[in-house]
Each structure stands twice: as C-alpha cells, then as structure tokens.
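The next block is upload_17.tsv, given as TSV, C-alpha atoms.
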```tsv
chain	number	residue	atom	x	y	z
A	17	MET	CA	-17.49	-61.05	15.24
A	18	ASP	CA	-15.08	-63.09	13.14
A	19	LEU	CA	-15.67	-64.65	9.73
A	20	ARG	CA	-16.38	-68.09	11.16
A	21	ALA	CA	-19.14	-66.80	13.45
A	22	PHE	CA	-20.58	-64.61	10.69
A	23	LYS	CA	-20.72	-67.55	8.28
A	24	GLN	CA	-22.65	-69.58	10.87
A	25	SER	CA	-25.09	-66.77	11.71
A	26	PRO	CA	-27.45	-67.27	8.72
A	27	ALA	CA	-28.74	-70.33	10.58
A	28	ASP	CA	-30.37	-67.82	12.95
A	29	ALA	CA	-33.74	-66.21	12.24
A	30	ALA	CA	-32.38	-62.66	12.18
A	31	PRO	CA	-29.03	-61.10	11.35
A	32	PRO	CA	-26.65	-60.24	14.16
A	33	GLU	CA	-27.18	-56.77	15.63
A	34	ALA	CA	-25.14	-53.76	14.59
A	35	LEU	CA	-24.21	-55.01	11.11
A	36	SER	CA	-23.66	-52.46	8.38
A	37	SER	CA	-26.16	-52.64	5.55
A	38	ALA	CA	-23.46	-54.18	3.36
A	39	LEU	CA	-22.79	-56.97	5.85
A	40	ALA	CA	-26.51	-57.50	6.40
A	41	ALA	CA	-26.82	-57.82	2.62
A	42	LEU	CA	-24.22	-60.60	2.63
A	43	TRP	CA	-26.11	-62.26	5.49
A	44	TYR	CA	-29.36	-62.24	3.49
A	45	ASP	CA	-27.52	-63.47	0.41
A	46	ALA	CA	-26.27	-66.45	2.45
A	47	LYS	CA	-29.90	-67.17	3.33
A	48	GLY	CA	-30.84	-67.15	-0.36
A	49	GLU	CA	-32.76	-63.86	-0.11
A	50	TRP	CA	-31.24	-61.98	-3.05
A	51	ASP	CA	-33.91	-59.26	-3.23
A	52	GLN	CA	-33.50	-58.30	0.43
A	53	ALA	CA	-29.73	-58.48	0.06
A	54	HIS	CA	-29.81	-56.15	-2.95
A	55	LYS	CA	-32.15	-53.71	-1.20
A	56	LEU	CA	-29.76	-53.47	1.75
A	57	ALA	CA	-26.69	-53.08	-0.46
A	58	GLN	CA	-28.45	-50.28	-2.34
A	59	SER	CA	-29.09	-48.47	0.93
A	60	GLN	CA	-25.36	-48.19	1.70
A	61	ASP	CA	-24.11	-45.58	-0.75
A	62	ASP	CA	-20.37	-46.02	-0.32
A	63	ALA	CA	-17.54	-48.27	-1.52
A	64	PRO	CA	-18.47	-51.27	0.68
A	65	GLY	CA	-22.10	-51.07	-0.45
A	66	ALA	CA	-20.98	-50.88	-4.08
A	67	TRP	CA	-18.68	-53.89	-3.61
A	68	VAL	CA	-21.53	-55.97	-2.23
A	69	ARG	CA	-23.79	-54.80	-5.08
A	70	ALA	CA	-21.12	-55.88	-7.57
A	71	TYR	CA	-20.97	-59.31	-5.94
A	72	LEU	CA	-24.77	-59.60	-5.93
A	73	HIS	CA	-24.95	-58.76	-9.63
A	74	ARG	CA	-22.41	-61.52	-10.26
A	75	VAL	CA	-24.68	-63.88	-8.33
A	76	GLU	CA	-27.53	-62.72	-10.55
A	77	GLY	CA	-25.43	-63.28	-13.67
A	78	ASP	CA	-25.53	-59.60	-14.72
A	79	LEU	CA	-21.79	-59.16	-15.33
A	80	PRO	CA	-21.94	-55.75	-17.09
A	81	ASN	CA	-23.83	-54.32	-14.11
A	82	ALA	CA	-21.41	-56.05	-11.72
A	83	ASP	CA	-18.48	-54.43	-13.54
A	84	HIS	CA	-20.12	-51.01	-13.09
A	85	TRP	CA	-20.40	-51.56	-9.32
A	86	TYR	CA	-16.84	-52.85	-9.05
A	87	ARG	CA	-15.70	-49.58	-10.64
A	88	ARG	CA	-17.89	-47.60	-8.20
A	89	ALA	CA	-16.33	-49.57	-5.33
A	90	GLY	CA	-12.81	-48.87	-6.62
A	91	ARG	CA	-12.17	-52.60	-6.91
A	92	PRO	CA	-11.14	-54.82	-9.82
A	93	SER	CA	-13.84	-57.04	-11.29
A	94	SER	CA	-13.73	-60.45	-9.67
A	95	SER	CA	-13.65	-63.81	-11.36
A	96	ALA	CA	-13.13	-65.73	-8.13
A	97	PRO	CA	-15.68	-68.38	-7.22
A	98	LEU	CA	-18.65	-66.65	-5.59
A	99	THR	CA	-18.09	-68.36	-2.26
A	100	GLU	CA	-14.50	-67.10	-2.16
A	101	GLU	CA	-15.54	-63.56	-3.02
A	102	TRP	CA	-18.27	-63.65	-0.34
A	103	ASP	CA	-15.62	-64.65	2.21
A	104	GLU	CA	-13.25	-61.94	0.97
A	105	ILE	CA	-15.89	-59.22	1.25
A	106	ALA	CA	-17.16	-60.41	4.62
A	107	SER	CA	-13.62	-60.60	6.01
A	108	ALA	CA	-12.82	-57.10	4.80
A	109	LEU	CA	-16.02	-55.60	6.21
A	110	LEU	CA	-16.00	-57.37	9.56
```
Target format structure tokens, applied to this file:
Amino acid sequence: MDLRAFKQSPADAAPPEALSSALAALWYDAKGEWDQAHKLAQSQDDAPGAWVRAYLHRVEGDLPNADHWYRRAGRPSSSAPLTEEWDEIASALL
C-alpha cells in the first residue's frame, strides 16, 4: 500500500488488513478516534509505536509528553504541521 491509498482508506469502515499497530493508530487518528489510536500506539512497544505516540500527544496538545515519546523513538521533536508529520510517519512505516 502506498501513502495515497493509505490516506484514502479511513473512508472505509475498517482499517486495511495486516497493518502494524502503529499504522492502525494513524488510521484511527485520521478517523478522529484519538483514544483508539492511542491504545493501538501503546500496544506497539518499539520505536515506531513511540513515534506515533509522540505525534498523538502533539495532537492532544501535551507537548512535554510528546517530547518524552520522541526521545523514546530516537527522533527529534517535531514542530511540523500535524498533517505533514502524519504523512511523514505513514510514509516511513508503510
């Protein structure tokens, strides 16, 4: 799946099959379901999961917590517009 198809998939009722928890979290975030997105990101205890958690805490407005998760992901804290960061993460994880 490419980024374009992934960005269109939240129009569907369910996420595409075989997504990692981190990608599924981004999918639910795109549907406006932050709690489900966060739950999925928490379930992936690795750098990609931490990166998505960092992004989600930015969405939430909890920047100190986001900074913690960026460090856990081994990534610099982002100040990019949220839509750009979502695309960056999705592209990297696809």
With a cut-off of 7 Å, could you pull out the residues of segment 48-80 of chain A touching segment 85-102 of chain A and give me the nearest pair of atoms for each, distance in Å to one decimal, using only C-alpha atoms, ordered by chain and ascending number, as a tab-separated table?
```
residue	atom	partner	partner_atom	distance
A:Ala63	CA	A:Ala89	CA	4.2
A:Pro64	CA	A:Ala89	CA	6.6
A:Ala66	CA	A:Ala89	CA	5.0
A:Trp67	CA	A:Ala89	CA	5.2
A:Arg69	CA	A:Trp85	CA	6.3
A:Ala70	CA	A:Trp85	CA	4.7
```
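In this structure, atom CA of Gly65 of chain A sits 5.1 Å away from atom CA of Ala38 of chain A.
For the pair atom CA of Leu79 of chain A and atom CA of Pro32 of chain A, the interatomic distance is 29.9 Å.
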Just how far from atom CA of Pro26 of chain A is atom CA of Ser59 of chain A, in Å to one decimal? 20.4 Å
For segment 19-22 of chain A, please output as a ChimeraX atom specification all residues within 9 Å (counting all atoms listed in the file; exclusion window: fewer than 5 positions along the same chain). /A:32,43,103,106-107,110
Dump as a PDB file, in the coordinates of the input, selection limited to C-alpha atoms:
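Output contents, as saved in selection09.pdb:
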```pdb
ATOM      1  CA  PRO A  32     -26.650 -60.240  14.160  1.00  0.00           C
ATOM      2  CA  TRP A  43     -26.110 -62.260   5.490  1.00  0.00           C
ATOM      3  CA  ASP A 103     -15.620 -64.650   2.210  1.00  0.00           C
ATOM      4  CA  ALA A 106     -17.160 -60.410   4.620  1.00  0.00           C
ATOM      5  CA  SER A 107     -13.620 -60.600   6.010  1.00  0.00           C
ATOM      6  CA  LEU A 110     -16.000 -57.370   9.560  1.00  0.00           C
TER       7      LEU A 110
END
```
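Nearest to Lys47 of chain A of all the residues A:Ala34, A:Leu109, A:Gln60, A:Ala29 is A:Ala29, based on only C-alpha atoms.
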Could you model all heavy atoms for segment 21-32 of chain A and present them as an mmCIF file, in the frame of the given file?
```
data_model
loop_
_atom_site.group_PDB
_atom_site.id
_atom_site.type_symbol
_atom_site.label_atom_id
_atom_site.label_comp_id
_atom_site.auth_asym_id
_atom_site.auth_seq_id
_atom_site.Cartn_x
_atom_site.Cartn_y
_atom_site.Cartn_z
ATOM 1 N N ALA A 21 -17.857 -67.047 12.774
ATOM 2 C CA ALA A 21 -19.140 -66.800 13.450
ATOM 3 C C ALA A 21 -20.149 -66.175 12.485
ATOM 4 O O ALA A 21 -21.339 -66.525 12.493
ATOM 5 C CB ALA A 21 -18.939 -65.907 14.660
ATOM 6 N N PHE A 22 -19.678 -65.250 11.652
ATOM 7 C CA PHE A 22 -20.580 -64.610 10.690
ATOM 8 C C PHE A 22 -21.127 -65.627 9.689
ATOM 9 O O PHE A 22 -22.313 -65.605 9.361
ATOM 10 C CB PHE A 22 -19.851 -63.472 9.967
ATOM 11 C CG PHE A 22 -20.743 -62.696 9.033
ATOM 12 C CD1 PHE A 22 -21.830 -61.982 9.505
ATOM 13 C CD2 PHE A 22 -20.485 -62.683 7.669
ATOM 14 C CE1 PHE A 22 -22.657 -61.276 8.641
ATOM 15 C CE2 PHE A 22 -21.293 -61.979 6.797
ATOM 16 C CZ PHE A 22 -22.389 -61.267 7.284
ATOM 17 N N LYS A 23 -20.276 -66.540 9.236
ATOM 18 C CA LYS A 23 -20.720 -67.550 8.280
ATOM 19 C C LYS A 23 -21.735 -68.511 8.890
ATOM 20 O O LYS A 23 -22.562 -69.071 8.174
ATOM 21 C CB LYS A 23 -19.516 -68.329 7.737
ATOM 22 C CG LYS A 23 -18.681 -67.519 6.764
ATOM 23 C CD LYS A 23 -17.478 -68.287 6.304
ATOM 24 C CE LYS A 23 -17.868 -69.287 5.267
ATOM 25 N NZ LYS A 23 -16.713 -69.843 4.540
ATOM 26 N N GLN A 24 -21.684 -68.704 10.197
ATOM 27 C CA GLN A 24 -22.650 -69.580 10.870
ATOM 28 C C GLN A 24 -23.952 -68.860 11.196
ATOM 29 O O GLN A 24 -24.986 -69.506 11.365
ATOM 30 C CB GLN A 24 -22.033 -70.146 12.151
ATOM 31 C CG GLN A 24 -20.902 -71.101 11.886
ATOM 32 C CD GLN A 24 -20.201 -71.543 13.164
ATOM 33 O OE1 GLN A 24 -20.343 -70.938 14.219
ATOM 34 N NE2 GLN A 24 -19.411 -72.603 13.046
ATOM 35 N N SER A 25 -23.928 -67.541 11.261
ATOM 36 C CA SER A 25 -25.090 -66.770 11.710
ATOM 37 C C SER A 25 -26.319 -66.861 10.808
ATOM 38 O O SER A 25 -27.433 -66.690 11.313
ATOM 39 C CB SER A 25 -24.705 -65.318 11.961
ATOM 40 O OG SER A 25 -24.418 -64.641 10.755
ATOM 41 N N PRO A 26 -26.219 -67.142 9.508
ATOM 42 C CA PRO A 26 -27.450 -67.270 8.720
ATOM 43 C C PRO A 26 -28.361 -68.423 9.155
ATOM 44 O O PRO A 26 -29.514 -68.493 8.741
ATOM 45 C CB PRO A 26 -26.946 -67.446 7.284
ATOM 46 C CG PRO A 26 -25.660 -66.704 7.271
ATOM 47 C CD PRO A 26 -25.054 -67.030 8.629
ATOM 48 N N ALA A 27 -27.875 -69.295 10.017
ATOM 49 C CA ALA A 27 -28.740 -70.330 10.580
ATOM 50 C C ALA A 27 -29.745 -69.730 11.555
ATOM 51 O O ALA A 27 -30.766 -70.348 11.860
ATOM 52 C CB ALA A 27 -27.903 -71.399 11.273
ATOM 53 N N ASP A 28 -29.465 -68.517 12.030
ATOM 54 C CA ASP A 28 -30.370 -67.820 12.950
ATOM 55 C C ASP A 28 -31.512 -67.174 12.166
ATOM 56 O O ASP A 28 -31.420 -66.965 10.955
ATOM 57 C CB ASP A 28 -29.605 -66.760 13.740
ATOM 58 C CG ASP A 28 -28.491 -67.352 14.590
ATOM 59 O OD1 ASP A 28 -28.605 -68.534 14.985
ATOM 60 O OD2 ASP A 28 -27.514 -66.626 14.855
ATOM 61 N N ALA A 29 -32.558 -66.809 12.883
ATOM 62 C CA ALA A 29 -33.740 -66.210 12.240
ATOM 63 C C ALA A 29 -33.514 -64.768 11.818
ATOM 64 O O ALA A 29 -34.160 -64.291 10.878
ATOM 65 C CB ALA A 29 -34.931 -66.289 13.191
ATOM 66 N N ALA A 30 -32.626 -64.072 12.486
ATOM 67 C CA ALA A 30 -32.380 -62.660 12.180
ATOM 68 C C ALA A 30 -30.879 -62.416 12.146
ATOM 69 O O ALA A 30 -30.112 -63.135 12.787
ATOM 70 C CB ALA A 30 -33.032 -61.782 13.252
ATOM 71 N N PRO A 31 -30.466 -61.389 11.397
ATOM 72 C CA PRO A 31 -29.030 -61.100 11.350
ATOM 73 C C PRO A 31 -28.515 -60.614 12.697
ATOM 74 O O PRO A 31 -29.280 -60.093 13.513
ATOM 75 C CB PRO A 31 -28.927 -59.998 10.288
ATOM 76 C CG PRO A 31 -30.271 -59.410 10.176
ATOM 77 C CD PRO A 31 -31.245 -60.463 10.587
ATOM 78 N N PRO A 32 -27.233 -60.768 12.936
ATOM 79 C CA PRO A 32 -26.650 -60.240 14.160
ATOM 80 C C PRO A 32 -26.887 -58.718 14.240
ATOM 81 O O PRO A 32 -26.976 -58.037 13.210
ATOM 82 C CB PRO A 32 -25.157 -60.537 14.024
ATOM 83 C CG PRO A 32 -25.081 -61.644 13.037
ATOM 84 C CD PRO A 32 -26.236 -61.447 12.103
#
```
